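K.L.:
Got a file for you: coords_14.txt, compact mmCIF, C-alpha atoms and all ligand atoms.
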# COMPACT_ATOMS: atom_id res chain seq x y z
CA MET A 18 5.17 -10.58 -2.45
CA SER A 19 7.36 -13.27 -3.91
CA ILE A 20 10.22 -12.32 -6.15
CA GLN A 21 10.71 -14.44 -9.24
CA TRP A 22 14.42 -14.87 -9.69
CA PHE A 23 15.46 -15.47 -13.24
CA PRO A 24 19.08 -15.69 -14.40
CA GLY A 25 18.89 -12.10 -15.64
CA HIS A 26 17.76 -10.87 -12.21
CA MET A 27 20.52 -12.74 -10.48
CA THR A 28 23.16 -11.29 -12.78
CA ARG A 29 21.78 -7.80 -12.26
CA ALA A 30 21.50 -8.20 -8.48
CA ARG A 31 25.04 -9.42 -8.33
CA ARG A 32 26.35 -6.61 -10.48
CA GLN A 33 24.52 -4.01 -8.38
CA ILE A 34 26.06 -5.32 -5.19
CA GLN A 35 29.49 -5.47 -6.72
CA ASP A 36 29.16 -1.84 -7.83
CA LYS A 37 28.22 -0.84 -4.28
CA LEU A 38 31.10 -2.84 -2.82
CA LYS A 39 33.44 -0.28 -4.37
CA LEU A 40 31.92 2.39 -2.13
CA ILE A 41 32.10 0.57 1.19
CA ASP A 42 34.56 -0.77 3.78
CA VAL A 43 32.47 -3.55 5.27
CA ALA A 44 29.68 -5.80 4.02
CA ILE A 45 26.96 -6.68 6.52
CA GLU A 46 25.53 -10.09 5.62
CA LEU A 47 22.07 -10.52 7.12
CA LEU A 48 20.95 -14.09 7.86
CA ASP A 49 17.83 -15.47 9.50
CA ALA A 50 19.03 -16.97 12.79
CA ARG A 51 16.43 -19.73 12.44
CA LEU A 52 17.93 -20.95 9.18
CA PRO A 53 21.47 -19.70 8.72
CA LEU A 54 22.13 -22.08 5.82
CA SER A 55 18.95 -21.71 3.81
CA SER A 56 18.82 -17.94 4.21
CA ARG A 57 22.34 -17.60 2.84
CA ASN A 58 22.89 -16.72 -0.79
CA PRO A 59 24.64 -19.66 -2.51
CA MET A 60 27.24 -17.39 -4.17
CA ILE A 61 27.85 -15.08 -1.22
CA HIS A 62 31.59 -15.77 -0.95
CA GLU A 63 32.15 -15.12 -4.65
CA ILE A 64 30.03 -11.98 -4.57
CA LEU A 65 31.55 -10.39 -1.48
CA GLY A 66 35.08 -11.61 -2.14
CA ASP A 67 37.53 -10.60 0.57
CA LYS A 68 35.60 -7.52 1.68
CA PRO A 69 35.62 -7.44 5.51
CA ARG A 70 32.33 -8.98 6.61
CA LEU A 71 30.04 -8.70 9.60
CA ILE A 72 27.45 -11.47 9.76
CA ILE A 73 24.24 -10.60 11.52
CA MET A 74 22.02 -13.41 12.73
CA ASN A 75 18.78 -11.47 12.60
CA LYS A 76 15.45 -12.46 14.20
CA CYS A 77 17.45 -13.94 17.06
CA ASP A 78 14.35 -13.38 19.21
CA LEU A 79 12.69 -16.24 17.32
CA ALA A 80 15.68 -18.62 17.21
CA ASP A 81 16.97 -21.16 19.72
CA PRO A 82 19.69 -19.23 21.63
CA GLU A 83 21.90 -22.32 22.02
CA ALA A 84 21.90 -22.91 18.28
CA THR A 85 22.57 -19.23 17.61
CA ALA A 86 25.63 -19.34 19.88
CA LYS A 87 26.97 -22.36 17.99
CA TRP A 88 26.42 -20.70 14.62
CA LEU A 89 28.19 -17.54 15.77
CA GLU A 90 31.23 -19.69 16.54
CA VAL A 91 31.07 -21.26 13.08
CA PHE A 92 30.98 -17.87 11.37
CA ARG A 93 33.78 -16.48 13.51
CA LYS A 94 35.89 -19.50 12.57
CA GLU A 95 35.19 -18.64 8.92
CA GLY A 96 37.06 -15.42 9.72
CA HIS A 97 34.09 -13.04 9.95
CA ALA A 98 32.69 -10.93 12.74
CA ALA A 99 29.28 -12.25 13.80
CA ILE A 100 26.59 -11.04 16.19
CA PRO A 101 22.92 -11.83 16.97
CA VAL A 102 20.39 -9.05 16.41
CA ASP A 103 16.65 -8.52 16.70
CA ALA A 104 15.99 -5.74 14.22
CA SER A 105 12.34 -5.43 15.27
CA SER A 106 13.10 -4.48 18.85
CA GLY A 107 16.55 -3.08 18.16
CA TYR A 108 18.26 -5.61 20.43
CA ASN A 109 22.07 -5.48 19.98
CA ILE A 110 22.00 -3.04 17.05
CA GLN A 111 24.36 -0.71 18.90
CA ASN A 112 27.06 -3.37 18.47
CA ILE A 113 26.87 -3.25 14.69
CA GLN A 114 28.95 -0.10 14.42
CA VAL A 115 31.30 -1.33 17.13
CA GLU A 116 31.98 -4.59 15.27
CA ALA A 117 32.22 -2.87 11.88
CA ARG A 118 34.74 -0.46 13.32
CA LYS A 119 36.84 -3.27 14.82
CA LEU A 120 37.03 -5.02 11.45
CA LEU A 121 38.53 -1.89 9.93
CA GLU A 122 40.80 -0.90 12.80
CA ALA A 123 44.10 -1.94 11.24
CA LYS A 124 43.27 -0.37 7.86
CA PHE A 125 42.17 2.89 9.46
CA GLU A 126 45.23 3.07 11.67
CA ARG A 127 47.42 2.72 8.58
CA LEU A 128 45.52 5.50 6.83
CA ILE A 129 45.67 7.78 9.83
CA ALA A 130 49.42 7.10 10.17
CA LYS A 131 49.74 8.32 6.57
CA GLY A 132 48.08 11.54 7.62
CA LEU A 133 44.49 10.91 6.49
CA LYS A 134 41.63 12.23 8.58
CA PRO A 135 39.63 9.65 10.56
CA ARG A 136 36.22 8.95 8.97
CA PRO A 137 33.20 6.73 9.66
CA VAL A 138 33.20 3.12 8.43
CA ARG A 139 31.05 2.76 5.31
CA ALA A 140 28.79 -0.26 5.21
CA LEU A 141 26.25 -2.04 3.01
CA ILE A 142 23.59 -4.49 4.17
CA VAL A 143 22.99 -7.51 1.94
CA GLY A 144 20.59 -10.43 2.25
CA ILE A 145 17.72 -12.38 0.76
CA PRO A 146 14.15 -11.01 0.72
CA ASN A 147 12.35 -10.97 4.10
CA VAL A 148 15.46 -11.47 6.18
CA GLY A 149 14.87 -8.04 7.76
CA LYS A 150 17.07 -5.64 5.76
CA SER A 151 14.58 -2.76 5.65
CA THR A 152 13.60 -3.21 9.29
CA LEU A 153 17.24 -3.04 10.31
CA ILE A 154 18.07 -0.04 8.11
CA ASN A 155 15.08 1.87 9.50
CA LYS A 156 16.02 0.95 13.06
CA LEU A 157 19.63 2.05 12.55
CA ALA A 158 18.49 5.28 10.91
CA GLY A 159 15.94 5.93 13.64
CA ARG A 160 13.37 6.77 10.98
CA GLN A 161 11.63 5.32 7.91
CA VAL A 162 14.18 5.31 5.11
CA ALA A 163 13.97 1.89 3.49
CA ALA A 164 10.75 0.63 1.95
CA THR A 165 9.96 -2.95 2.93
CA GLY A 166 9.55 -5.44 0.12
CA ASP A 167 12.16 -4.01 -2.23
CA ARG A 168 12.51 -5.61 -5.60
CA PRO A 169 15.77 -6.71 -7.13
CA GLY A 170 16.83 -4.69 -10.09
CA VAL A 171 15.01 -1.50 -9.17
CA THR A 172 17.59 1.20 -8.85
CA LYS A 173 16.97 4.47 -7.14
CA GLY A 174 19.13 7.19 -5.78
CA GLN A 175 21.01 6.01 -2.75
CA GLN A 176 22.17 7.94 0.23
CA TRP A 177 24.37 7.48 3.23
CA ILE A 178 22.69 7.17 6.60
CA ARG A 179 24.72 8.22 9.57
CA VAL A 180 24.71 5.59 12.33
CA GLY A 181 26.21 7.05 15.49
CA SER A 182 29.61 8.65 15.07
CA GLU A 183 31.32 5.52 13.77
CA MET A 184 29.38 4.35 10.74
CA GLU A 185 27.70 5.35 7.50
CA LEU A 186 25.27 2.96 5.87
CA LEU A 187 23.91 2.88 2.32
CA ASP A 188 20.13 3.30 2.55
CA THR A 189 19.42 0.75 -0.20
CA PRO A 190 20.36 -2.81 0.73
CA GLY A 191 21.78 -5.40 -1.64
CA ILE A 192 19.05 -7.94 -2.37
CA LEU A 193 20.22 -11.46 -3.05
CA TRP A 194 18.44 -14.63 -4.09
CA PRO A 195 18.10 -17.54 -1.67
CA LYS A 196 19.29 -21.09 -2.20
CA PHE A 197 16.38 -22.72 -3.91
CA GLU A 198 17.89 -25.56 -5.85
CA ASP A 199 17.09 -27.86 -2.91
CA GLN A 200 13.41 -28.56 -2.13
CA LEU A 201 14.05 -28.85 1.61
CA VAL A 202 15.50 -25.35 1.59
CA GLY A 203 12.27 -24.17 -0.03
CA TYR A 204 10.22 -25.73 2.76
CA ARG A 205 12.39 -24.28 5.50
CA LEU A 206 12.19 -20.82 3.99
CA ALA A 207 8.43 -21.26 3.69
CA VAL A 208 8.07 -22.37 7.33
CA THR A 209 9.62 -19.07 8.45
CA GLY A 210 7.50 -17.08 6.01
CA ALA A 211 10.42 -16.06 3.79
CA ILE A 212 8.57 -17.61 0.85
CA LYS A 213 4.86 -16.91 0.56
CA ASP A 214 2.50 -19.78 1.29
CA GLN A 215 1.08 -19.55 -2.22
CA VAL A 216 4.40 -20.56 -3.78
CA LEU A 217 4.39 -23.98 -2.14
CA ASN A 218 1.28 -25.75 -0.90
CA VAL A 219 0.34 -24.53 2.60
CA GLU A 220 -0.58 -28.03 3.78
CA ASP A 221 2.78 -29.35 2.63
CA ILE A 222 4.57 -26.55 4.47
CA ALA A 223 2.62 -27.23 7.68
CA PHE A 224 3.27 -30.95 7.29
CA TYR A 225 6.98 -30.25 7.00
CA ALA A 226 6.80 -27.94 10.05
CA LEU A 227 4.94 -30.53 12.15
CA LYS A 228 7.37 -33.25 11.20
CA PHE A 229 10.28 -31.02 12.16
CA MET A 230 8.65 -30.04 15.45
CA SER A 231 7.82 -33.68 16.22
CA ALA A 232 11.42 -34.70 15.63
CA HIS A 233 13.16 -31.83 17.43
CA TYR A 234 10.70 -30.03 19.71
CA TRP A 235 8.06 -32.68 20.44
CA GLU A 236 7.46 -31.62 24.05
CA ARG A 237 6.77 -28.02 23.05
CA LEU A 238 4.41 -29.05 20.29
CA LYS A 239 2.59 -31.38 22.67
CA GLU A 240 2.30 -28.66 25.28
CA ARG A 241 1.16 -25.93 22.89
CA PHE A 242 -1.74 -27.97 21.51
CA GLU A 243 -2.28 -30.26 24.53
CA LEU A 244 -1.78 -33.20 22.20
CA GLU A 245 -3.05 -36.63 23.12
CA THR A 246 -2.12 -38.31 19.85
CA PRO A 247 0.91 -40.51 20.55
CA LEU A 248 3.99 -40.33 18.40
CA HIS A 249 5.71 -43.62 17.57
CA ASP A 250 7.37 -43.06 14.23
CA ILE A 251 7.92 -39.64 12.76
CA GLU A 252 8.66 -41.22 9.39
CA ASP A 253 5.06 -42.39 9.22
CA PRO A 254 3.13 -39.64 7.41
CA ASN A 255 -0.16 -40.90 8.86
CA GLU A 256 1.02 -40.06 12.36
CA ILE A 257 1.87 -36.50 11.35
CA VAL A 258 -1.51 -36.13 9.65
CA SER A 259 -3.22 -37.46 12.83
CA ILE A 260 -1.45 -34.77 14.84
CA MET A 261 -2.55 -32.15 12.32
CA GLU A 262 -6.14 -33.38 12.60
CA GLU A 263 -6.07 -33.27 16.38
CA ILE A 264 -4.84 -29.68 16.26
CA GLY A 265 -7.57 -28.90 13.73
CA ARG A 266 -10.27 -30.32 16.02
CA LYS A 267 -8.90 -28.37 18.97
CA ARG A 268 -8.83 -25.13 17.00
CA GLY A 269 -12.30 -25.64 15.57
CA CYS A 270 -11.16 -26.12 11.96
CA LEU A 271 -14.02 -28.40 10.90
CA VAL A 272 -15.96 -28.67 7.69
CA SER A 273 -19.31 -30.39 7.13
CA GLY A 274 -19.30 -34.05 8.14
CA GLY A 275 -16.89 -33.32 10.97
CA ARG A 276 -13.82 -33.55 8.75
CA VAL A 277 -10.86 -31.34 9.59
CA ASP A 278 -10.16 -28.42 7.28
CA LEU A 279 -6.48 -29.14 6.69
CA GLU A 280 -5.82 -25.92 4.83
CA LYS A 281 -7.20 -23.84 7.68
CA VAL A 282 -5.35 -25.70 10.41
CA SER A 283 -2.16 -25.49 8.36
CA GLY A 284 -2.47 -21.72 8.35
CA ILE A 285 -2.94 -21.68 12.13
CA ILE A 286 0.04 -23.94 12.81
CA LEU A 287 2.32 -21.82 10.63
CA ARG A 288 1.11 -18.53 12.08
CA GLU A 289 1.71 -19.72 15.64
CA LEU A 290 5.12 -21.14 14.79
CA ARG A 291 6.22 -17.93 13.04
CA ALA A 292 4.99 -15.79 15.91
CA GLY A 293 7.14 -17.79 18.34
CA LYS A 294 4.14 -19.32 20.13
CA MET A 295 6.00 -22.65 20.33
CA GLY A 296 9.08 -20.99 21.71
CA GLN A 297 12.39 -20.13 20.07
CA ILE A 298 13.08 -22.55 17.26
CA THR A 299 16.03 -23.07 14.95
CA LEU A 300 15.48 -25.18 11.87
CA GLU A 301 19.15 -25.72 10.98
CA HIS A 302 21.90 -26.69 13.38
CA PRO A 303 25.63 -26.63 12.69
P1 LIG B 401 13.58 -7.33 3.87
O1 LIG B 401 12.78 -7.90 2.73
O2 LIG B 401 14.88 -8.05 4.02
O3 LIG B 401 13.74 -5.85 3.80
O4 LIG B 401 12.76 -7.70 5.21
P2 LIG B 401 11.80 -6.75 6.08
O5 LIG B 401 12.59 -5.72 6.81
O6 LIG B 401 10.67 -6.31 5.25
O7 LIG B 401 11.29 -7.80 7.19
C1 LIG B 401 10.49 -8.93 6.86
C2 LIG B 401 9.62 -9.28 8.05
O8 LIG B 401 10.42 -9.74 9.14
C3 LIG B 401 8.81 -8.10 8.59
O9 LIG B 401 7.54 -8.58 8.94
C4 LIG B 401 9.58 -7.67 9.82
O10 LIG B 401 8.75 -7.07 10.79
C5 LIG B 401 10.14 -8.99 10.31
N1 LIG B 401 11.41 -8.84 11.07
C6 LIG B 401 12.52 -8.21 10.66
N2 LIG B 401 13.50 -8.31 11.59
C7 LIG B 401 12.98 -9.04 12.61
C8 LIG B 401 13.51 -9.51 13.87
O11 LIG B 401 14.68 -9.32 14.22
N3 LIG B 401 12.66 -10.23 14.65
C9 LIG B 401 11.39 -10.51 14.29
N4 LIG B 401 10.64 -11.22 15.12
N5 LIG B 401 10.87 -10.10 13.12
C10 LIG B 401 11.65 -9.37 12.29
Just give me the structure as structure tokens.
P.N.:
Amino acid sequence: MSIQWFPGHMTRARRQIQDKLKLIDVAIELLDARLPLSSRNPMIHEILGDKPRLIIMNKCDLADPEATAKWLEVFRKEGHAAIPVDASSGYNIQNIQVEARKLLEAKFERLIAKGLKPRPVRALIVGIPNVGKSTLINKLAGRQVAATGDRPGVTKGQQWIRVGSEMELLDTPGILWPKFEDQLVGYRLAVTGAIKDQVLNVEDIAFYALKFMSAHYWERLKERFELETPLHDIEDPNEIVSIMEEIGRKRGCLVSGGRVDLEKVSGIILRELRAGKMGQITLEHP
């Protein structure tokens, strides 16, 4: 499903999150560790304001660990808490409540000094579609509470989910729009599957992916498909198309006359890339 974001949707999404911010102590900003820039909402700082923030680099299982470590430093320098998570397997989710709690320590100590009873930290997860919000909420809840593929602007009753003894989480995440004013951002989101292949042309997305892999992870690409096609100049589109054709021949994507079915091979390349078959890959480096 692809969400069409019109100005009205954006205004409503923003308003909904800002209403929920009144209920919570900490905002959990979910990013895709493979593209921490493109998966970030362009107005995130304005929307979240100075609410204490924990940044989660989700899908860290698919991202280049060295790049993830560098990004975590960048986010911590911005003044936020930041941790890597794999919401599918549950890797590192136990640290979410620990980090959320730490962010609120000073405030809670002040409240307790005034005689208030200690209480769990209240949190809200926000992020663009497909970044893994529902997967994470369900994992934290230990059961199915969030429906995947939520739409912006659909309100329903919301409830608090208890996460351990330290945290309470709103069961409906804040859904934000991605940065799509830049065409490259669109391609990067599409390479990871955050935008459906029907929105952009699948061959164009695979071309972009192959060019990126050739420039940054050539050895892995070569190994995965046992490539014999040499690479001299990644700026030459013909070379990238030759690589695509070789992969197509190897994967049996042929149409009558022995031509390569570029649409079919494009689908295969993207599926393998998204499944991590070419290793852990980060598309944006700090
Ligand atoms: P939402 O739209 O933000 O709620 O995203 P979903 O929770 O529906 O997740 C989108 C897709 O990403 C699903 O296919 C999930 O299985 C997958 N996904 C979510 N988190 C992770 C993760 O940490 N690692 C991997 N490999 N896949 C994930």
K.L.:
List all protein, DNA and RNA residues that have at least one atom no more than 9 Å from any atom of ligand LIG 401 (chain B), counting all atoms listed in the file, and write them as a PyMOL selection string.
P.N.:
chain A and resi 47+49-50+74-79+102-108+143-155+163-168+190+192+210-211+291-293
K.L.:
Enter the distance from atom CA of His97 of chain A to atom CA of Ile72 of chain A, in Å, rounded to one decimal.
P.N.:
6.8 Å
K.L.:
One decimal, Å: what's the distance from atom CA of Ile222 of chain A over to atom CA of Ser283 of chain A, could you say?
P.N.:
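Atom CA of Ser283 of chain A lies at a distance of 7.8 Å from atom CA of Ile222 of chain A.
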K.L.:
Given the choices A:Leu238, A:Leu206, A:Met295, A:Leu287, which gets closest to Ser55 of chain A if the distance is worked out from only C-alpha atoms?
P.N.:
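Answer, going by the shortest atom-to-atom distance: A:Leu206.
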K.L.:
Could you check which of A:Ala117, A:Leu227, A:Val216, A:Ala123 is closest to Glu183 of chain A, using all atoms listed in the file?
P.N.:
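Ranking A:Ala117, A:Leu227, A:Val216, A:Ala123 by distance to Glu183 of chain A, first place goes to A:Ala117.
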K.L.:
Restricting the calculation to all atoms listed in the file: of A:Gly96, A:Ile110, A:Lys228, A:Gly269, which residue gets closest to Pro254 of chain A?
P.N.:
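Looking only at the distances to Pro254 of chain A, the closest residue turns out to be A:Lys228.
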K.L.:
Considering only C-alpha atoms, return as a ChimeraX atom specification whatever protein or nucleic-acid residues lie within 8 Å of Cys270 of chain A, sequence-local ones (same chain, fewer than 4 positions apart) excluded.
P.N.:
/A:265-266,277-279,281-282
K.L.:
Is it possible to add N, CA and C atoms to segment 241-276 of chain A and hand it back as a PDB file, keeping the file's coordinate frame?
P.N.:
ATOM      1  N   ARG A 241       1.892 -27.024  23.540  1.00  0.00           N
ATOM      2  CA  ARG A 241       1.160 -25.930  22.890  1.00  0.00           C
ATOM      3  C   ARG A 241      -0.270 -26.340  22.546  1.00  0.00           C
ATOM      4  N   PHE A 242      -0.409 -27.556  21.983  1.00  0.00           N
ATOM      5  CA  PHE A 242      -1.740 -27.970  21.510  1.00  0.00           C
ATOM      6  C   PHE A 242      -2.375 -29.031  22.412  1.00  0.00           C
ATOM      7  N   GLU A 243      -1.786 -29.251  23.579  1.00  0.00           N
ATOM      8  CA  GLU A 243      -2.280 -30.260  24.530  1.00  0.00           C
ATOM      9  C   GLU A 243      -2.592 -31.571  23.798  1.00  0.00           C
ATOM     10  N   LEU A 244      -1.577 -32.033  23.061  1.00  0.00           N
ATOM     11  CA  LEU A 244      -1.780 -33.200  22.200  1.00  0.00           C
ATOM     12  C   LEU A 244      -1.953 -34.488  22.999  1.00  0.00           C
ATOM     13  N   GLU A 245      -2.886 -35.300  22.530  1.00  0.00           N
ATOM     14  CA  GLU A 245      -3.050 -36.630  23.120  1.00  0.00           C
ATOM     15  C   GLU A 245      -2.604 -37.707  22.133  1.00  0.00           C
ATOM     16  N   THR A 246      -2.554 -37.357  20.874  1.00  0.00           N
ATOM     17  CA  THR A 246      -2.120 -38.310  19.850  1.00  0.00           C
ATOM     18  C   THR A 246      -0.685 -38.752  20.155  1.00  0.00           C
ATOM     19  N   PRO A 247      -0.461 -40.071  20.268  1.00  0.00           N
ATOM     20  CA  PRO A 247       0.910 -40.510  20.550  1.00  0.00           C
ATOM     21  C   PRO A 247       1.784 -40.416  19.298  1.00  0.00           C
ATOM     22  N   LEU A 248       3.062 -40.372  19.526  1.00  0.00           N
ATOM     23  CA  LEU A 248       3.990 -40.330  18.400  1.00  0.00           C
ATOM     24  C   LEU A 248       4.920 -41.539  18.518  1.00  0.00           C
ATOM     25  N   HIS A 249       4.838 -42.441  17.537  1.00  0.00           N
ATOM     26  CA  HIS A 249       5.710 -43.620  17.570  1.00  0.00           C
ATOM     27  C   HIS A 249       6.812 -43.514  16.527  1.00  0.00           C
ATOM     28  N   ASP A 250       6.417 -43.034  15.347  1.00  0.00           N
ATOM     29  CA  ASP A 250       7.370 -43.060  14.230  1.00  0.00           C
ATOM     30  C   ASP A 250       7.183 -41.807  13.384  1.00  0.00           C
ATOM     31  N   ILE A 251       8.127 -40.881  13.496  1.00  0.00           N
ATOM     32  CA  ILE A 251       7.920 -39.640  12.760  1.00  0.00           C
ATOM     33  C   ILE A 251       8.028 -39.834  11.243  1.00  0.00           C
ATOM     34  N   GLU A 252       8.574 -40.958  10.836  1.00  0.00           N
ATOM     35  CA  GLU A 252       8.660 -41.220   9.390  1.00  0.00           C
ATOM     36  C   GLU A 252       7.323 -41.693   8.815  1.00  0.00           C
ATOM     37  N   ASP A 253       6.366 -41.952   9.698  1.00  0.00           N
ATOM     38  CA  ASP A 253       5.060 -42.390   9.220  1.00  0.00           C
ATOM     39  C   ASP A 253       4.165 -41.165   8.974  1.00  0.00           C
ATOM     40  N   PRO A 254       3.909 -40.847   7.714  1.00  0.00           N
ATOM     41  CA  PRO A 254       3.130 -39.640   7.410  1.00  0.00           C
ATOM     42  C   PRO A 254       1.743 -39.640   8.047  1.00  0.00           C
ATOM     43  N   ASN A 255       1.178 -40.832   8.247  1.00  0.00           N
ATOM     44  CA  ASN A 255      -0.160 -40.900   8.860  1.00  0.00           C
ATOM     45  C   ASN A 255      -0.155 -40.350  10.278  1.00  0.00           C
ATOM     46  N   GLU A 256       0.944 -40.573  10.979  1.00  0.00           N
ATOM     47  CA  GLU A 256       1.020 -40.060  12.360  1.00  0.00           C
ATOM     48  C   GLU A 256       1.038 -38.528  12.356  1.00  0.00           C
ATOM     49  N   ILE A 257       1.786 -37.967  11.416  1.00  0.00           N
ATOM     50  CA  ILE A 257       1.870 -36.500  11.350  1.00  0.00           C
ATOM     51  C   ILE A 257       0.495 -35.932  10.982  1.00  0.00           C
ATOM     52  N   VAL A 258      -0.176 -36.595  10.050  1.00  0.00           N
ATOM     53  CA  VAL A 258      -1.510 -36.130   9.650  1.00  0.00           C
ATOM     54  C   VAL A 258      -2.484 -36.250  10.843  1.00  0.00           C
ATOM     55  N   SER A 259      -2.356 -37.316  11.640  1.00  0.00           N
ATOM     56  CA  SER A 259      -3.220 -37.460  12.830  1.00  0.00           C
ATOM     57  C   SER A 259      -3.002 -36.304  13.800  1.00  0.00           C
ATOM     58  N   ILE A 260      -1.751 -35.902  13.952  1.00  0.00           N
ATOM     59  CA  ILE A 260      -1.450 -34.770  14.840  1.00  0.00           C
ATOM     60  C   ILE A 260      -2.094 -33.495  14.288  1.00  0.00           C
ATOM     61  N   MET A 261      -1.957 -33.333  12.971  1.00  0.00           N
ATOM     62  CA  MET A 261      -2.550 -32.150  12.320  1.00  0.00           C
ATOM     63  C   MET A 261      -4.064 -32.139  12.528  1.00  0.00           C
ATOM     64  N   GLU A 262      -4.678 -33.300  12.424  1.00  0.00           N
ATOM     65  CA  GLU A 262      -6.140 -33.380  12.600  1.00  0.00           C
ATOM     66  C   GLU A 262      -6.541 -33.078  14.031  1.00  0.00           C
ATOM     67  N   GLU A 263      -5.743 -33.561  14.978  1.00  0.00           N
ATOM     68  CA  GLU A 263      -6.070 -33.270  16.380  1.00  0.00           C
ATOM     69  C   GLU A 263      -6.000 -31.763  16.629  1.00  0.00           C
ATOM     70  N   ILE A 264      -4.961 -31.136  16.093  1.00  0.00           N
ATOM     71  CA  ILE A 264      -4.840 -29.680  16.260  1.00  0.00           C
ATOM     72  C   ILE A 264      -6.036 -28.980  15.610  1.00  0.00           C
ATOM     73  N   GLY A 265      -6.423 -29.474  14.449  1.00  0.00           N
ATOM     74  CA  GLY A 265      -7.570 -28.900  13.730  1.00  0.00           C
ATOM     75  C   GLY A 265      -8.845 -28.998  14.560  1.00  0.00           C
ATOM     76  N   ARG A 266      -9.068 -30.155  15.195  1.00  0.00           N
ATOM     77  CA  ARG A 266     -10.270 -30.320  16.020  1.00  0.00           C
ATOM     78  C   ARG A 266     -10.223 -29.359  17.205  1.00  0.00           C
ATOM     79  N   LYS A 267      -9.029 -29.245  17.801  1.00  0.00           N
ATOM     80  CA  LYS A 267      -8.900 -28.370  18.970  1.00  0.00           C
ATOM     81  C   LYS A 267      -9.099 -26.900  18.625  1.00  0.00           C
ATOM     82  N   ARG A 268      -8.715 -26.538  17.409  1.00  0.00           N
ATOM     83  CA  ARG A 268      -8.830 -25.130  17.000  1.00  0.00           C
ATOM     84  C   ARG A 268     -10.123 -24.858  16.225  1.00  0.00           C
ATOM     85  N   GLY A 269     -11.006 -25.842  16.206  1.00  0.00           N
ATOM     86  CA  GLY A 269     -12.300 -25.640  15.570  1.00  0.00           C
ATOM     87  C   GLY A 269     -12.257 -25.523  14.053  1.00  0.00           C
ATOM     88  N   CYS A 270     -11.269 -26.185  13.424  1.00  0.00           N
ATOM     89  CA  CYS A 270     -11.160 -26.120  11.960  1.00  0.00           C
ATOM     90  C   CYS A 270     -11.906 -27.320  11.353  1.00  0.00           C
ATOM     91  N   LEU A 271     -13.244 -27.265  11.402  1.00  0.00           N
ATOM     92  CA  LEU A 271     -14.020 -28.400  10.900  1.00  0.00           C
ATOM     93  C   LEU A 271     -14.877 -27.979   9.727  1.00  0.00           C
ATOM     94  N   VAL A 272     -15.022 -28.912   8.797  1.00  0.00           N
ATOM     95  CA  VAL A 272     -15.960 -28.670   7.690  1.00  0.00           C
ATOM     96  C   VAL A 272     -17.112 -29.669   7.843  1.00  0.00           C
ATOM     97  N   SER A 273     -18.115 -29.551   6.988  1.00  0.00           N
ATOM     98  CA  SER A 273     -19.310 -30.390   7.130  1.00  0.00           C
ATOM     99  C   SER A 273     -18.919 -31.875   7.156  1.00  0.00           C
ATOM    100  N   GLY A 274     -19.605 -32.630   7.991  1.00  0.00           N
ATOM    101  CA  GLY A 274     -19.300 -34.050   8.140  1.00  0.00           C
ATOM    102  C   GLY A 274     -18.254 -34.274   9.219  1.00  0.00           C
ATOM    103  N   GLY A 275     -17.838 -33.194   9.869  1.00  0.00           N
ATOM    104  CA  GLY A 275     -16.890 -33.320  10.970  1.00  0.00           C
ATOM    105  C   GLY A 275     -15.441 -33.529  10.522  1.00  0.00           C
ATOM    106  N   ARG A 276     -15.203 -33.421   9.221  1.00  0.00           N
ATOM    107  CA  ARG A 276     -13.820 -33.550   8.750  1.00  0.00           C
ATOM    108  C   ARG A 276     -13.022 -32.299   9.118  1.00  0.00           C
TER     109      ARG A 276
END
